[in-house]
$ cat entry-v5.cif   # mmCIF, C-alpha atoms
data_entry
#
loop_
_atom_site.label_atom_id
_atom_site.label_comp_id
_atom_site.auth_asym_id
_atom_site.auth_seq_id
_atom_site.Cartn_x
_atom_site.Cartn_y
_atom_site.Cartn_z
CA MET A 1 -0.34 -5.62 43.92
CA GLU A 2 3.34 -6.20 43.29
CA ASN A 3 5.14 -3.77 41.02
CA LYS A 4 6.55 -5.96 38.25
CA LEU A 5 8.09 -3.30 36.00
CA ILE A 6 10.33 -1.03 38.06
CA ASP A 7 11.23 -1.03 41.73
CA ASP A 8 14.58 0.76 41.87
CA CYS A 9 13.52 4.40 42.19
CA MET A 10 11.16 6.56 44.18
CA SER A 11 7.56 6.54 43.06
CA LEU A 12 7.58 10.22 42.05
CA GLY A 13 7.88 10.74 38.31
CA PHE A 14 8.95 13.97 36.62
CA GLY A 15 6.26 14.99 34.14
CA MET A 16 7.91 17.13 31.45
CA MET A 17 4.65 18.68 30.26
CA ARG A 18 4.60 21.87 32.34
CA LEU A 19 8.28 22.83 32.35
CA PRO A 20 9.39 26.30 33.49
CA ARG A 21 9.22 29.09 30.93
CA ILE A 22 11.50 32.04 30.37
CA GLU A 23 9.74 35.04 31.89
CA GLY A 24 7.43 36.77 29.47
CA SER A 25 7.49 34.00 26.87
CA ASP A 26 6.36 30.47 26.08
CA VAL A 27 9.97 29.33 25.62
CA ILE A 28 11.03 26.53 27.98
CA ASP A 29 13.73 27.58 30.44
CA VAL A 30 16.24 24.81 29.72
CA GLU A 31 18.77 25.97 32.31
CA GLN A 32 16.22 25.84 35.11
CA THR A 33 15.00 22.50 33.76
CA LYS A 34 18.57 21.17 34.03
CA GLN A 35 18.71 22.20 37.68
CA MET A 36 15.40 20.46 38.33
CA VAL A 37 16.54 17.29 36.57
CA ASP A 38 19.75 17.28 38.62
CA ALA A 39 17.85 17.67 41.89
CA PHE A 40 15.39 14.94 40.90
CA ILE A 41 18.08 12.41 40.01
CA GLU A 42 20.18 13.26 43.06
CA ALA A 43 17.14 12.51 45.26
CA GLY A 44 16.67 9.08 43.69
CA GLY A 45 14.24 9.90 40.89
CA ARG A 46 14.58 8.07 37.60
CA TYR A 47 11.23 8.21 35.81
CA PHE A 48 10.69 11.00 33.27
CA ASP A 49 7.61 11.46 31.08
CA THR A 50 7.23 13.41 27.85
CA ALA A 51 5.15 13.13 24.68
CA TYR A 52 5.20 13.81 20.96
CA VAL A 53 2.48 16.47 21.36
CA TYR A 54 4.07 18.33 24.30
CA VAL A 55 5.41 21.33 22.42
CA GLY A 56 9.11 21.84 23.14
CA SER A 57 9.21 19.16 25.84
CA GLU A 58 11.16 16.53 23.91
CA ALA A 59 13.89 18.97 22.91
CA ALA A 60 14.14 20.20 26.50
CA THR A 61 14.30 16.59 27.72
CA LYS A 62 17.21 15.99 25.37
CA ALA A 63 19.11 19.07 26.56
CA ALA A 64 18.42 18.63 30.27
CA LEU A 65 18.46 14.84 30.60
CA CYS A 66 19.44 12.68 27.64
CA ASP A 67 22.54 14.65 26.67
CA ARG A 68 23.76 14.87 30.26
CA TYR A 69 23.17 11.48 31.88
CA PRO A 70 24.07 7.89 30.98
CA ARG A 71 21.10 6.15 29.36
CA GLU A 72 20.92 3.44 32.00
CA GLN A 73 20.51 6.03 34.76
CA TYR A 74 16.93 7.00 33.90
CA TYR A 75 13.62 5.70 32.57
CA LEU A 76 11.99 7.73 29.82
CA ALA A 77 8.33 7.47 28.84
CA ASN A 78 6.90 8.82 25.59
CA LYS A 79 3.61 8.54 23.73
CA LEU A 80 2.07 7.93 20.32
CA ASN A 81 -1.02 10.01 19.67
CA ALA A 82 -3.37 8.87 16.89
CA SER A 83 -5.94 11.64 17.32
CA ASP A 84 -6.65 13.92 14.38
CA PHE A 85 -4.94 16.92 16.00
CA ALA A 86 -1.67 14.96 16.19
CA CYS A 87 -1.64 13.09 12.86
CA LYS A 88 -3.67 12.67 9.71
CA SER A 89 -2.70 9.17 8.60
CA GLU A 90 -1.36 5.80 9.70
CA GLU A 91 2.03 6.71 8.29
CA GLU A 92 2.18 9.92 10.31
CA ALA A 93 1.08 8.12 13.47
CA LYS A 94 3.69 5.40 13.13
CA ASN A 95 6.39 7.94 12.32
CA GLU A 96 5.87 9.74 15.64
CA ILE A 97 8.31 7.47 17.46
CA SER A 98 11.06 8.24 14.93
CA VAL A 99 10.50 11.95 15.45
CA SER A 100 10.41 11.51 19.22
CA LEU A 101 13.62 9.46 19.25
CA GLU A 102 15.34 12.12 17.15
CA ARG A 103 14.06 14.96 19.33
CA THR A 104 15.13 13.29 22.58
CA GLY A 105 18.22 11.40 21.44
CA ALA A 106 17.19 8.69 23.90
CA GLY A 107 17.91 5.70 21.65
CA TYR A 108 14.86 3.86 22.98
CA PHE A 109 11.93 4.46 25.31
CA ASP A 110 11.50 2.47 28.48
CA PHE A 111 7.75 3.08 28.47
CA TYR A 112 5.75 3.87 25.35
CA LEU A 113 2.06 4.68 25.50
CA LEU A 114 -0.94 4.87 23.23
CA HIS A 115 -1.70 8.44 24.19
CA GLY A 116 -5.09 9.41 25.60
CA ILE A 117 -7.08 6.55 24.15
CA GLY A 118 -10.84 6.84 24.57
CA ALA A 119 -14.16 6.34 22.82
CA ASP A 120 -13.53 9.31 20.53
CA ASN A 121 -10.25 7.99 19.07
CA LYS A 122 -10.21 4.23 19.78
CA GLU A 123 -11.10 3.50 16.16
CA LYS A 124 -8.02 5.39 14.95
CA PHE A 125 -5.68 3.26 17.06
CA ASP A 126 -7.44 0.16 15.73
CA GLU A 127 -7.56 1.36 12.11
CA TYR A 128 -3.86 2.23 12.13
CA GLY A 129 -2.88 -1.08 13.74
CA ILE A 130 -1.16 0.68 16.64
CA TRP A 131 -1.55 -2.21 19.10
CA GLU A 132 0.36 -4.57 16.82
CA TYR A 133 2.80 -1.78 16.03
CA MET A 134 3.63 -1.54 19.73
CA LYS A 135 4.59 -5.22 19.76
CA LYS A 136 6.76 -4.67 16.69
CA LEU A 137 8.55 -1.75 18.34
CA LYS A 138 9.18 -3.86 21.42
CA ASP A 139 10.55 -6.73 19.33
CA GLU A 140 12.88 -4.25 17.60
CA GLY A 141 14.15 -2.95 20.94
CA LEU A 142 12.88 0.59 20.40
CA ILE A 143 10.65 0.33 23.47
CA ARG A 144 10.90 -1.76 26.62
CA HIS A 145 7.28 -1.71 27.85
CA TYR A 146 4.05 -0.50 26.31
CA GLY A 147 0.70 0.51 27.73
CA PHE A 148 -1.73 3.37 27.34
CA SER A 149 -2.99 6.53 28.99
CA PHE A 150 -6.72 6.78 29.41
CA HIS A 151 -9.44 9.38 29.99
CA ASP A 152 -12.80 7.66 29.67
CA THR A 153 -15.26 5.30 31.32
CA PRO A 154 -14.45 2.26 33.49
CA GLU A 155 -16.47 0.16 31.07
CA LEU A 156 -14.27 1.12 28.11
CA LEU A 157 -11.14 0.57 30.19
CA ASP A 158 -12.31 -2.93 31.03
CA GLU A 159 -13.03 -3.55 27.35
CA LEU A 160 -9.56 -2.39 26.28
CA LEU A 161 -7.74 -4.45 28.90
CA THR A 162 -9.81 -7.50 28.00
CA GLU A 163 -9.08 -7.06 24.30
CA HIS A 164 -5.39 -6.27 24.88
CA PRO A 165 -4.19 -8.27 27.89
CA ASP A 166 -0.57 -7.83 26.80
CA ALA A 167 -0.70 -4.10 27.62
CA GLU A 168 1.78 -3.94 30.48
CA PHE A 169 0.55 -0.90 32.40
CA VAL A 170 -2.11 1.80 32.43
CA GLN A 171 -1.77 5.54 33.02
CA LEU A 172 -4.84 6.99 34.75
CA GLN A 173 -6.00 10.37 36.04
CA ILE A 174 -6.20 9.87 39.80
CA ASN A 175 -6.59 12.49 42.50
CA TYR A 176 -8.75 12.90 45.56
CA SER A 177 -10.95 15.49 43.83
CA ASP A 178 -11.80 13.12 40.96
CA TRP A 179 -11.85 9.93 43.04
CA ASP A 180 -15.65 9.66 43.12
CA ASP A 181 -16.42 12.16 40.38
CA PRO A 182 -19.02 10.55 38.08
CA LEU A 183 -17.39 11.98 34.95
CA ILE A 184 -13.71 11.17 35.62
CA ALA A 185 -14.44 8.08 37.75
CA SER A 186 -10.91 7.78 39.10
CA ARG A 187 -11.78 5.15 41.69
CA LEU A 188 -13.73 2.93 39.30
CA CYS A 189 -11.00 3.09 36.65
CA TYR A 190 -8.39 2.32 39.30
CA GLU A 191 -10.40 -0.72 40.39
CA VAL A 192 -10.66 -1.97 36.80
CA ALA A 193 -6.90 -1.67 36.28
CA THR A 194 -6.09 -3.46 39.54
CA ARG A 195 -8.60 -6.20 38.75
CA HIS A 196 -6.69 -6.81 35.51
CA GLY A 197 -3.43 -6.85 37.45
CA LYS A 198 -1.94 -3.82 35.70
CA PRO A 199 0.60 -1.52 37.36
CA ILE A 200 -0.72 2.04 37.37
CA ILE A 201 1.00 5.29 36.50
CA VAL A 202 -0.88 8.26 37.91
CA MET A 203 -1.30 11.48 35.96
CA GLU A 204 -2.92 14.70 37.17
CA PRO A 205 -2.51 13.93 40.90
CA VAL A 206 -2.77 17.67 41.59
CA LYS A 207 -5.39 18.19 38.86
CA GLY A 208 -3.41 20.61 36.74
CA GLY A 209 -2.21 22.50 39.82
CA THR A 210 -5.65 23.30 41.23
CA LEU A 211 -5.14 21.01 44.23
CA ALA A 212 -1.86 22.75 45.04
CA ASP A 213 -3.83 25.92 45.70
CA PRO A 214 -7.39 24.87 46.58
CA PRO A 215 -10.10 27.13 48.00
CA GLN A 216 -9.47 28.46 51.49
CA LYS A 217 -11.82 26.02 53.22
CA ALA A 218 -9.82 23.07 51.89
CA LYS A 219 -6.55 24.78 52.80
CA ASP A 220 -7.81 25.28 56.33
CA VAL A 221 -8.49 21.56 56.67
CA PHE A 222 -4.96 20.66 55.62
CA ARG A 223 -3.26 23.36 57.69
CA ALA A 224 -5.16 22.35 60.80
CA ALA A 225 -3.91 18.79 60.34
CA ASN A 226 -0.30 19.73 59.49
CA PRO A 227 0.67 23.39 59.07
CA ASP A 228 4.05 22.43 57.60
CA ALA A 229 2.71 20.25 54.75
CA SER A 230 1.88 21.79 51.37
CA CYS A 231 -1.55 21.21 49.86
CA ALA A 232 0.19 19.52 46.91
CA SER A 233 1.80 17.01 49.25
CA TRP A 234 -1.57 15.74 50.42
CA ALA A 235 -2.72 15.25 46.82
CA ILE A 236 0.41 13.45 45.63
CA ARG A 237 0.66 11.25 48.72
CA PHE A 238 -3.00 10.30 48.32
CA ALA A 239 -2.28 8.91 44.85
CA ALA A 240 1.03 7.32 45.80
CA SER A 241 -0.58 5.54 48.76
CA LEU A 242 -2.85 3.44 46.55
CA PRO A 243 -1.79 -0.22 46.16
CA GLY A 244 -0.69 -1.01 42.62
CA VAL A 245 0.49 2.52 41.83
CA MET A 246 3.94 2.32 40.27
CA VAL A 247 4.67 6.00 39.59
CA VAL A 248 2.91 9.28 40.35
CA LEU A 249 3.72 11.94 37.77
CA SER A 250 4.07 15.54 38.85
CA GLY A 251 4.30 18.22 36.18
CA MET A 252 6.67 20.47 38.10
CA SER A 253 7.14 23.99 36.72
CA ASN A 254 9.85 25.43 38.95
CA MET A 255 12.49 24.47 41.47
CA GLU A 256 10.27 25.36 44.40
CA GLN A 257 7.73 22.74 43.34
CA MET A 258 10.51 20.22 42.80
CA GLU A 259 11.96 20.80 46.25
CA ASP A 260 8.54 20.53 47.88
CA ASN A 261 7.75 17.26 46.12
CA LEU A 262 11.13 15.75 46.96
CA SER A 263 10.75 16.71 50.63
CA TYR A 264 8.03 14.10 51.15
CA MET A 265 8.55 11.68 48.24
CA ARG A 266 12.28 11.06 48.72
CA HIS A 267 11.36 8.92 51.75
CA PHE A 268 7.70 8.35 51.00
CA GLN A 269 5.28 7.37 53.75
CA PRO A 270 1.73 6.34 52.76
CA LEU A 271 -1.15 8.27 54.27
CA ASP A 272 -2.24 6.79 57.58
CA GLU A 273 -5.87 6.41 58.64
CA ARG A 274 -6.02 9.87 60.25
CA GLU A 275 -4.52 11.50 57.16
CA GLN A 276 -6.98 9.70 54.89
CA GLN A 277 -9.78 11.28 56.92
CA VAL A 278 -8.17 14.71 56.50
CA VAL A 279 -8.16 14.29 52.72
CA LYS A 280 -11.81 13.24 52.84
CA GLU A 281 -12.69 16.40 54.76
CA ALA A 282 -10.79 18.56 52.27
CA TYR A 283 -12.61 16.84 49.41
CA GLU A 284 -15.95 17.64 51.03
CA ALA A 285 -14.89 21.29 51.30
CA LEU A 286 -14.03 21.32 47.60
CA GLN A 287 -17.47 20.12 46.61
CA GLN A 288 -18.94 23.43 47.70
CA PHE A 289 -17.40 25.12 44.65
CA ASP A 290 -18.63 24.85 41.06
CA ARG A 291 -15.25 24.63 39.33
CA ILE A 292 -14.40 24.01 35.67
CA GLY A 293 -12.57 20.68 35.60
CA CYS A 294 -9.82 21.81 33.20
CA THR A 295 -6.36 20.31 33.84
CA ALA A 296 -4.51 22.71 31.48
CA CYS A 297 -3.27 19.92 29.21
CA HIS A 298 -3.65 22.32 26.21
CA TYR A 299 -4.82 19.56 23.86
CA CYS A 300 -7.63 21.93 22.85
CA THR A 301 -5.47 24.85 21.76
CA PRO A 302 -3.33 23.72 18.76
CA GLY A 303 -6.36 23.29 16.50
CA CYS A 304 -8.39 26.28 17.69
CA PRO A 305 -9.04 28.43 14.58
CA ALA A 306 -9.68 31.46 16.80
CA GLU A 307 -6.45 30.86 18.77
CA ILE A 308 -8.23 31.18 22.11
CA HIS A 309 -6.08 30.41 25.17
CA ILE A 310 -8.76 28.14 26.61
CA PRO A 311 -6.97 26.66 29.68
CA GLU A 312 -5.71 30.08 30.79
CA ILE A 313 -9.19 31.53 30.47
CA PHE A 314 -10.70 28.67 32.47
CA ALA A 315 -8.05 29.11 35.16
CA VAL A 316 -9.13 32.73 35.59
CA MET A 317 -12.78 31.69 35.72
CA ASN A 318 -12.05 29.11 38.41
CA VAL A 319 -10.32 31.72 40.57
CA TYR A 320 -13.38 33.92 40.16
CA LYS A 321 -15.69 31.05 41.10
CA MET A 322 -13.62 30.30 44.19
CA TYR A 323 -12.99 33.81 45.49
CA GLY A 324 -15.73 35.95 43.92
CA ASP A 325 -13.52 38.98 43.16
CA LEU A 326 -15.01 40.17 39.86
CA LYS A 327 -12.71 43.18 39.44
CA GLU A 328 -9.58 41.11 39.93
CA ALA A 329 -10.96 38.33 37.70
CA ARG A 330 -11.62 40.77 34.85
CA ASN A 331 -8.15 42.26 35.22
CA ALA A 332 -6.61 38.78 35.15
CA TYR A 333 -8.80 37.82 32.21
CA SER A 334 -7.66 40.84 30.20
CA TRP A 335 -4.04 39.95 30.87
CA ARG A 336 -4.37 36.18 30.44
CA THR A 337 -6.18 36.18 27.11
CA GLN A 338 -3.29 37.90 25.28
CA GLY A 339 -5.26 37.54 22.08
CA GLU A 340 -8.76 36.30 21.33
CA LYS A 341 -11.31 36.32 24.14
CA ALA A 342 -13.82 33.60 24.93
CA SER A 343 -16.47 35.37 22.86
CA ALA A 344 -14.37 34.77 19.73
CA CYS A 345 -15.30 31.07 19.80
CA LEU A 346 -16.45 29.90 16.34
CA LYS A 347 -18.28 26.83 17.72
CA CYS A 348 -16.29 24.45 15.50
CA GLY A 349 -16.13 21.85 18.29
CA GLN A 350 -12.52 20.72 17.80
CA CYS A 351 -11.76 21.64 21.41
CA GLU A 352 -14.44 19.32 22.74
CA ASP A 353 -13.18 16.49 20.53
CA ALA A 354 -9.66 16.98 21.90
CA CYS A 355 -10.56 17.47 25.57
CA PRO A 356 -9.62 14.39 27.68
CA GLN A 357 -11.89 15.69 30.46
CA HIS A 358 -14.90 15.70 28.07
CA LEU A 359 -15.76 19.25 29.07
CA PRO A 360 -18.50 21.20 27.25
CA VAL A 361 -15.87 23.74 26.25
CA MET A 362 -18.03 25.83 23.92
CA SER A 363 -20.76 26.44 26.49
CA LEU A 364 -18.15 27.10 29.18
CA LEU A 365 -16.56 29.75 26.96
CA GLU A 366 -19.99 31.36 26.65
CA GLU A 367 -20.24 31.36 30.46
CA VAL A 368 -16.82 32.99 30.76
CA ALA A 369 -17.67 35.65 28.17
CA GLU A 370 -20.90 36.51 29.96
CA ALA A 371 -19.20 36.78 33.36
CA LEU A 372 -15.91 38.45 32.49
CA GLU A 373 -16.46 40.43 29.29
CA ASN A 374 -19.71 42.30 30.01
#

$ encode --input "entry-v5.cif" --output "structure tokens"
Amino acid sequence: MENKLIDDCMSLGFGMMRLPRIEGSDVIDVEQTKQMVDAFIEAGGRYFDTAYVYVGSEAATKAALCDRYPREQYYLANKLNASDFACKSEEEAKNEISVSLERTGAGYFDFYLLHGIGADNKEKFDEYGIWEYMKKLKDEGLIRHYGFSFHDTPELLDELLTEHPDAEFVQLQINYSDWDDPLIASRLCYEVATRHGKPIIVMEPVKGGTLADPPQKAKDVFRAANPDASCASWAIRFAASLPGVMVVLSGMSNMEQMEDNLSYMRHFQPLDEREQQVVKEAYEALQQFDRIGCTACHYCTPGCPAEIHIPEIFAVMNVYKMYGDLKEARNAYSWRTQGEKASACLKCGQCEDACPQHLPVMSLLEEVAEALEN
């Protein structure tokens, strides 16, 4: 499928969701972010992605990108989130773009998305008239293109694209681990989007970083095929090789990740038939592990009344599931929680409402508490 929106930059996009932090804090390291932005643009990158709900990201984007480069030199994507954890009214939802424009100083957004639309919040976007609002913003020149990001079923995606054929693109979670997963249904959602002729932006190509450091059996498959290629490179190239994919977002957290990604995306070559088979073998190795499918998006944490660091806890549990080192897992758990443990869960359910992966968070926290606290 021909890319009809942008074709003047490499297909790697800089996701500004997991920016580097100053050691020992949650404060974004703006100086390191500037270096990463410089390296990205120098290599031919132009597409940057942030969001109203990414804490600190918009301000960092302003300091590292918008204040330092001519506006025509980059594309900037942002998002309007109508979920309850982001806003409480139509007025608040529609005011998000004003806040985002002020935080970034961008003047306008090249790509503006209905953020994380799914069955649990579709009614809010409809009730608040967000689809028509998008058209209004485009007419006013505040956005250039609008679409939506999506974590739900292929059937709902088909319904949305049928109801809103003027949506210009779709952002989907696509990676080789989720390609045939019955819950995420990456392949089926991809096929729906391509059937509707929509360019695709890929999010979570490395599944929150888990595919950059997969279990040893998967690593062995990749290293046998090419000992010089990082595990992340296989995941990102898998997504970028799909016809109709316009941009693959990578939430890079340090310069090392940036340099690795640029090494193979600056002059991107799609996976050949042999490499596709390698990825398939690695996927089969992954299926031997019962992992928690958390992508560390942190949508669950802002509204948690117990202030549990849910993604960090799940990351520790996944390492335990993969490697079986209970002593090390409990040590990591004690350090990672930095506050309330999994057993502090109040069972309010807000985390499950916010989770784009539709994980049974409350029962998973019980599992973690049983394994790592006793």

$ resolve_selection --input "entry-v5.cif" --expression "the PyMOL selection byres ((chain A and resi 203-209) around 10)" --output "number ranges by chain"
A: 13, 15, 18, 149-150, 171-178, 200-202, 210-214, 231-240, 247-253, 293-297, 311, 315

$ residues_near_point --input "entry-v5.cif" --point "(-12.4, 20.3, 23.0)" --cutoff "12 Å" --atoms "only C-alpha atoms" --output "PyMOL selection string"
chain A and resi 85+120+294+296-304+308+310-311+345+347-365

$ closest_residue --input "entry-v5.cif" --among "A:Ala229, A:Val279, A:Gly244, A:Pro182" --to "Thr194 of chain A" --atoms "all atoms listed in the file"
A:Gly244

$ atom_distance --input "entry-v5.cif" --atom1 "atom CA of Met265 of chain A" --atom2 "atom CA of Arg195 of chain A"
26.5 Å

$ residues_around --input "entry-v5.cif" --residues "Asp152 of chain A" --least-positions-apart "3" --cutoff "9 Å" --atoms "only C-alpha atoms" --output "count of residues only"
14

$ atom_distance --input "entry-v5.cif" --atom1 "atom CA of Phe314 of chain A" --atom2 "atom CA of Val368 of chain A"
7.7 Å

$ closest_residue --input "entry-v5.cif" --among "A:Arg46, A:Tyr283, A:Asp126, A:Ala218" --to "Pro70 of chain A" --atoms "all atoms listed in the file"
A:Arg46

$ residues_around --input "entry-v5.cif" --residues "Ala39 of chain A" --least-positions-apart "2" --cutoff "12 Å" --atoms "all atoms listed in the file" --output "list in words"
Phe14, Gln32, Thr33, Lys34, Gln35, Met36, Val37, Ile41, Glu42, Ala43, Gly44, Gly45, Arg46, Ala64, Leu65, Asn254, Met255, Glu256, Gln257, Met258, Glu259, Asp260, Asn261, Leu262, Ser263 and Arg266 of chain A

$ write_last_selection --input "entry-v5.cif" --atoms "C-alpha atoms" --output "PDB file, in the frame of the given file"
ATOM      1  CA  PHE A  14       8.950  13.970  36.620  1.00  0.00           C
ATOM      2  CA  GLN A  32      16.220  25.840  35.110  1.00  0.00           C
ATOM      3  CA  THR A  33      15.000  22.500  33.760  1.00  0.00           C
ATOM      4  CA  LYS A  34      18.570  21.170  34.030  1.00  0.00           C
ATOM      5  CA  GLN A  35      18.710  22.200  37.680  1.00  0.00           C
ATOM      6  CA  MET A  36      15.400  20.460  38.330  1.00  0.00           C
ATOM      7  CA  VAL A  37      16.540  17.290  36.570  1.00  0.00           C
ATOM      8  CA  ILE A  41      18.080  12.410  40.010  1.00  0.00           C
ATOM      9  CA  GLU A  42      20.180  13.260  43.060  1.00  0.00           C
ATOM     10  CA  ALA A  43      17.140  12.510  45.260  1.00  0.00           C
ATOM     11  CA  GLY A  44      16.670   9.080  43.690  1.00  0.00           C
ATOM     12  CA  GLY A  45      14.240   9.900  40.890  1.00  0.00           C
ATOM     13  CA  ARG A  46      14.580   8.070  37.600  1.00  0.00           C
ATOM     14  CA  ALA A  64      18.420  18.630  30.270  1.00  0.00           C
ATOM     15  CA  LEU A  65      18.460  14.840  30.600  1.00  0.00           C
ATOM     16  CA  ASN A 254       9.850  25.430  38.950  1.00  0.00           C
ATOM     17  CA  MET A 255      12.490  24.470  41.470  1.00  0.00           C
ATOM     18  CA  GLU A 256      10.270  25.360  44.400  1.00  0.00           C
ATOM     19  CA  GLN A 257       7.730  22.740  43.340  1.00  0.00           C
ATOM     20  CA  MET A 258      10.510  20.220  42.800  1.00  0.00           C
ATOM     21  CA  GLU A 259      11.960  20.800  46.250  1.00  0.00           C
ATOM     22  CA  ASP A 260       8.540  20.530  47.880  1.00  0.00           C
ATOM     23  CA  ASN A 261       7.750  17.260  46.120  1.00  0.00           C
ATOM     24  CA  LEU A 262      11.130  15.750  46.960  1.00  0.00           C
ATOM     25  CA  SER A 263      10.750  16.710  50.630  1.00  0.00           C
ATOM     26  CA  ARG A 266      12.280  11.060  48.720  1.00  0.00           C
TER      27      ARG A 266
END

$ residues_near_point --input "entry-v5.cif" --point "(-8.2, 38.9, 34.2)" --cutoff "12 Å" --atoms "all atoms listed in the file" --output "VMD selection string"
chain A and resid 312 to 320 325 to 338 341 368 to 369 371 to 373

$ atom_distance --input "entry-v5.cif" --atom1 "atom CA of Val192 of chain A" --atom2 "atom CA of Lys135 of chain A"
23.1 Å

$ resolve_selection --input "entry-v5.cif" --expression "the PyMOL selection byres ((chain A and resi 270) around 6)" --output "list in words"
Ser241, Gln269 and Leu271 of chain A

$ resolve_selection --input "entry-v5.cif" --expression "the PyMOL selection byres ((chain A and resi 80) around 6)" --output "list in words"
Lys79, Asn81, Leu114 and His115 of chain A

$ residues_around --input "entry-v5.cif" --residues "Ala225 of chain A" --least-positions-apart "2" --cutoff "12 Å" --atoms "all atoms listed in the file" --output "PyMOL selection string"
chain A and resi 218-223+227-231+234+274-279+281-282

$ closest_residue --input "entry-v5.cif" --among "A:Ser25, A:Cys9, A:His151, A:Asn121" --to "Met246 of chain A" --atoms "only C-alpha atoms"
A:Cys9

$ build_atoms --input "entry-v5.cif" --residues "segment 367-372 of chain A" --atoms "all heavy atoms" --output "PDB file, in the coordinates of the input"
ATOM      1  N   GLU A 367     -20.083  30.972  29.042  1.00  0.00           N
ATOM      2  CA  GLU A 367     -20.240  31.360  30.460  1.00  0.00           C
ATOM      3  C   GLU A 367     -19.163  32.364  30.857  1.00  0.00           C
ATOM      4  O   GLU A 367     -19.424  33.354  31.540  1.00  0.00           O
ATOM      5  CB  GLU A 367     -20.176  30.110  31.338  1.00  0.00           C
ATOM      6  CG  GLU A 367     -20.293  30.396  32.818  1.00  0.00           C
ATOM      7  CD  GLU A 367     -20.077  29.155  33.680  1.00  0.00           C
ATOM      8  OE1 GLU A 367     -20.126  28.024  33.133  1.00  0.00           O
ATOM      9  OE2 GLU A 367     -19.850  29.322  34.901  1.00  0.00           O
ATOM     10  N   VAL A 368     -17.934  32.101  30.436  1.00  0.00           N
ATOM     11  CA  VAL A 368     -16.820  32.990  30.760  1.00  0.00           C
ATOM     12  C   VAL A 368     -17.061  34.368  30.136  1.00  0.00           C
ATOM     13  O   VAL A 368     -16.878  35.407  30.784  1.00  0.00           O
ATOM     14  CB  VAL A 368     -15.493  32.413  30.258  1.00  0.00           C
ATOM     15  CG1 VAL A 368     -14.375  33.436  30.403  1.00  0.00           C
ATOM     16  CG2 VAL A 368     -15.138  31.150  31.038  1.00  0.00           C
ATOM     17  N   ALA A 369     -17.457  34.375  28.862  1.00  0.00           N
ATOM     18  CA  ALA A 369     -17.670  35.650  28.170  1.00  0.00           C
ATOM     19  C   ALA A 369     -18.758  36.471  28.863  1.00  0.00           C
ATOM     20  O   ALA A 369     -18.611  37.688  29.051  1.00  0.00           O
ATOM     21  CB  ALA A 369     -18.072  35.382  26.718  1.00  0.00           C
ATOM     22  N   GLU A 370     -19.800  35.808  29.284  1.00  0.00           N
ATOM     23  CA  GLU A 370     -20.900  36.510  29.960  1.00  0.00           C
ATOM     24  C   GLU A 370     -20.450  37.101  31.297  1.00  0.00           C
ATOM     25  O   GLU A 370     -20.828  38.202  31.675  1.00  0.00           O
ATOM     26  CB  GLU A 370     -22.083  35.570  30.172  1.00  0.00           C
ATOM     27  CG  GLU A 370     -23.290  36.240  30.810  1.00  0.00           C
ATOM     28  CD  GLU A 370     -24.474  35.300  30.934  1.00  0.00           C
ATOM     29  OE1 GLU A 370     -24.440  34.178  30.342  1.00  0.00           O
ATOM     30  OE2 GLU A 370     -25.448  35.678  31.623  1.00  0.00           O
ATOM     31  N   ALA A 371     -19.613  36.347  32.029  1.00  0.00           N
ATOM     32  CA  ALA A 371     -19.200  36.780  33.360  1.00  0.00           C
ATOM     33  C   ALA A 371     -18.075  37.810  33.334  1.00  0.00           C
ATOM     34  O   ALA A 371     -18.063  38.759  34.126  1.00  0.00           O
ATOM     35  CB  ALA A 371     -18.757  35.574  34.177  1.00  0.00           C
ATOM     36  N   LEU A 372     -17.137  37.654  32.410  1.00  0.00           N
ATOM     37  CA  LEU A 372     -15.910  38.450  32.490  1.00  0.00           C
ATOM     38  C   LEU A 372     -15.735  39.474  31.361  1.00  0.00           C
ATOM     39  O   LEU A 372     -14.799  40.274  31.423  1.00  0.00           O
ATOM     40  CB  LEU A 372     -14.699  37.509  32.503  1.00  0.00           C
ATOM     41  CG  LEU A 372     -14.660  36.487  33.637  1.00  0.00           C
ATOM     42  CD1 LEU A 372     -13.366  35.684  33.584  1.00  0.00           C
ATOM     43  CD2 LEU A 372     -14.827  37.150  34.996  1.00  0.00           C
TER      44      LEU A 372
END
